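Shown here: final-v2.txt, compact mmCIF, C-alpha atoms.
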# COMPACT_ATOMS: atom_id res chain seq x y z
CA MET A 1 307.80 263.76 110.98
CA SER A 2 304.97 262.34 112.91
CA LYS A 3 305.28 259.20 114.93
CA GLU A 4 302.81 257.30 112.76
CA LEU A 5 304.74 258.17 109.63
CA GLN A 6 308.00 257.00 111.21
CA GLU A 7 306.32 253.74 112.25
CA LEU A 8 305.05 253.24 108.70
CA GLN A 9 308.55 253.96 107.34
CA LYS A 10 310.05 251.33 109.68
CA GLN A 11 307.50 248.75 108.55
CA TRP A 12 308.18 249.54 104.90
CA HIS A 13 311.94 249.30 105.46
CA PHE A 14 311.44 245.90 107.18
CA ILE A 15 309.38 244.62 104.19
CA VAL A 16 312.00 245.81 101.70
CA GLN A 17 314.79 244.21 103.78
CA SER A 18 312.89 240.89 103.89
CA ILE A 19 312.45 240.98 100.11
CA HIS A 20 316.14 241.82 99.50
CA SER A 21 317.27 239.10 101.88
CA ASN A 22 315.19 236.41 100.11
CA SER A 23 317.54 233.91 98.40
CA LYS A 24 315.53 233.85 95.17
CA VAL A 25 315.55 237.65 94.91
CA VAL A 26 319.31 237.72 95.57
CA ALA A 27 319.87 235.08 92.85
CA PHE A 28 317.71 237.09 90.42
CA MET A 29 319.45 240.38 91.19
CA ASN A 30 322.85 238.77 90.56
CA SER A 31 321.73 237.49 87.13
CA ARG A 32 322.29 239.50 83.93
CA LEU A 33 318.62 240.55 83.74
CA GLY A 34 318.58 241.61 87.42
CA LEU A 35 321.75 243.69 86.95
CA TYR A 36 320.31 245.30 83.80
CA LEU A 37 317.07 246.20 85.58
CA ASP A 38 319.04 247.54 88.54
CA ASP A 39 320.99 249.83 86.19
CA HIS A 40 317.83 250.92 84.28
CA PRO A 41 315.06 251.68 86.80
CA PHE A 42 312.66 253.08 84.15
CA VAL A 43 312.69 249.76 82.29
CA ALA A 44 312.19 247.90 85.58
CA LEU A 45 309.23 250.15 86.46
CA SER A 46 307.75 249.74 82.97
CA LEU A 47 308.11 245.96 83.18
CA LEU A 48 306.55 245.95 86.65
CA MET A 49 303.63 248.11 85.46
CA PHE A 50 303.14 245.89 82.40
CA VAL A 51 303.00 242.76 84.55
CA ALA A 52 300.66 244.40 87.06
CA VAL A 53 298.29 245.79 84.43
CA SER A 54 298.27 242.66 82.28
CA THR A 55 297.21 240.34 85.12
CA ILE A 56 293.55 241.35 84.86
CA PRO A 57 293.19 240.64 81.10
CA VAL A 58 295.18 237.43 81.45
CA ALA A 59 292.96 236.37 84.35
CA PHE A 60 289.83 237.14 82.32
CA PHE A 61 291.23 235.19 79.39
CA LEU A 62 292.01 232.18 81.60
CA ILE A 63 288.52 232.36 83.10
CA PHE A 64 287.12 232.49 79.56
CA VAL A 65 289.20 229.46 78.52
CA VAL A 66 288.15 227.43 81.55
CA THR A 67 284.50 228.42 81.07
CA THR A 68 284.66 227.54 77.39
CA VAL A 69 286.19 224.14 78.14
CA ILE A 70 283.53 223.43 80.75
CA MET A 71 280.76 224.56 78.40
CA ALA A 72 282.19 222.43 75.60
CA CYS A 73 282.25 219.37 77.84
CA VAL A 74 278.73 220.02 79.04
CA GLY A 75 277.64 220.74 75.46
CA VAL A 76 279.13 217.49 74.23
CA ILE A 77 277.40 215.60 77.02
CA VAL A 78 274.08 217.33 76.29
CA MET A 79 274.51 216.83 72.54
CA GLU A 80 275.36 213.17 73.07
CA GLY A 81 272.27 212.83 75.25
CA VAL A 82 270.10 214.43 72.57
CA VAL A 83 271.54 212.21 69.84
CA ILE A 84 271.07 209.08 71.96
CA SER A 85 267.50 210.13 72.79
CA ILE A 86 266.66 210.70 69.13
CA GLY A 87 268.26 207.35 68.25
CA GLY A 88 266.27 205.65 71.00
CA ILE A 89 263.02 207.16 69.75
CA ALA A 90 263.84 206.09 66.19
CA LEU A 91 264.61 202.57 67.41
CA LEU A 92 261.31 202.49 69.30
CA CYS A 93 259.42 203.53 66.16
CA VAL A 94 261.18 200.88 64.05
CA LEU A 95 260.48 198.20 66.64
CA CYS A 96 256.80 199.20 66.87
CA GLY A 97 256.56 199.02 63.07
CA LEU A 98 258.23 195.62 63.05
CA GLY A 99 255.85 194.45 65.79
CA ALA A 100 252.83 195.55 63.74
CA LEU A 101 254.32 193.92 60.63
CA SER A 102 254.92 190.65 62.49
CA LEU A 103 251.36 190.69 63.83
CA GLY A 104 250.01 191.22 60.32
CA LEU A 105 252.22 188.51 58.82
CA SER A 106 251.33 186.04 61.56
CA GLY A 107 247.65 186.78 60.92
CA VAL A 108 248.05 186.18 57.20
CA LEU A 109 250.05 183.01 57.81
CA SER A 110 247.43 181.77 60.32
CA VAL A 111 244.64 182.33 57.79
CA CYS A 112 246.71 180.56 55.10
CA TYR A 113 247.32 177.64 57.46
CA ILE A 114 243.64 177.33 58.33
CA VAL A 115 242.56 177.53 54.68
CA LEU A 116 245.21 175.07 53.50
CA SER A 117 244.50 172.61 56.30
CA ALA A 118 240.78 172.79 55.51
CA LEU A 119 241.52 172.17 51.82
CA VAL A 120 243.84 169.27 52.63
CA ASN A 121 241.24 167.77 54.98
CA TYR A 122 238.50 168.18 52.36
CA TRP A 123 240.76 166.69 49.64
CA GLY A 124 241.76 163.80 51.91
CA ALA A 125 238.17 163.13 52.94
CA SER A 126 236.95 163.05 49.33
CA ARG A 127 239.77 160.63 48.35
CA ARG A 128 238.96 158.38 51.30
CA GLN A 129 235.30 158.38 50.31
CA ALA A 130 236.22 157.51 46.72
CA ARG A 131 238.39 154.60 47.91
CA LYS A 132 235.63 153.29 50.14
CA GLN A 133 233.24 153.33 47.22
CA GLU A 134 235.78 151.52 45.01
CA VAL A 135 236.29 148.90 47.71
CA ASN A 136 232.52 148.44 48.03
CA GLY A 137 232.31 147.95 44.30
CA SER A 138 230.26 150.92 43.34
CA SER A 139 231.48 153.70 41.05
CA PRO A 140 232.31 156.99 42.65
CA GLN A 141 229.46 159.46 42.46
CA LYS A 142 229.79 162.98 41.35
CA SER A 143 229.48 165.56 43.99
CA LEU A 144 226.23 167.44 44.28
CA SER A 145 227.63 170.76 43.08
CA VAL A 146 229.08 169.16 39.96
CA MET A 147 225.80 167.40 39.22
CA ASP A 148 223.85 170.63 39.66
CA PHE A 149 226.16 172.43 37.30
CA SER A 150 225.91 169.75 34.62
CA ASP A 151 222.11 169.63 35.03
CA SER A 152 221.87 173.37 34.53
CA LYS A 153 223.93 173.08 31.31
CA GLN A 154 221.53 170.45 29.95
CA LYS A 155 218.52 172.61 30.70
CA ASN A 156 220.05 175.56 28.84
CA LYS A 157 220.46 173.46 25.66
As a first step, turn the structure in this file into structure tokens.
Amino acid sequence: MSKELQELQKQWHFIVQSIHSNSKVVAFMNSRLGLYLDDHPFVALSLLMFVAVSTIPVAFFLIFVVTTVIMACVGVIVMEGVVISIGGIALLCVLCGLGALSLGLSGVLSVCYIVLSALVNYWGASRRQARKQEVNGSSPQKSLSVMDFSDSKQKNK
């Protein structure tokens, strides 16, 4: 054998000795499963191959699970943001509509107030004028528009 091969064999023997001298490996090899696998090397090799080959699919599955969880969290956050944005836009539209409605109602109420106050002032002024005329002793006169209307009725007859 070549020197390099003997050196490699020594290194391999040292690695195997360090594994066999590990306390956890010794405890496992003294268990029922360890003794069974020691007596049946084909089963031990099959189990070792299964574990070695299945690590890649299990790793891919775990990566898929973690990625899915992250995407779900991000999706929920994005979806929540979209729903809140749509709700905010709807609230803005409702508030703009209510603002326009309040402006219209305040305009109508202002016009009603002006018209009613003018009518009350006109009614109050005509009553005051009628009282003054009663106090002065003269009979209250008809207003000009009423006189014109009654004059036009007489002309038509």
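One finds CA of Ala52 in chain A at 26.4 Å from CA of Val69 in chain A.
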Show me, as AutoDock Vina command-line options, the centre and edge lengths in Å to one decimal of the axis-aligned box that covers every listed atom of range 115-125 of chain A with 8 Å on each side.
--center_x 241.7 --center_y 170.3 --center_z 53.0 --size_x 23.0 --size_y 30.4 --size_z 22.7
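In this structure, CA of Val115 in chain A sits 28.7 Å away from CA of Cys96 in chain A.
Taking CA of Gly99 in chain A and CA of Cys112 in chain A as endpoints, the distance between them is 19.8 Å.
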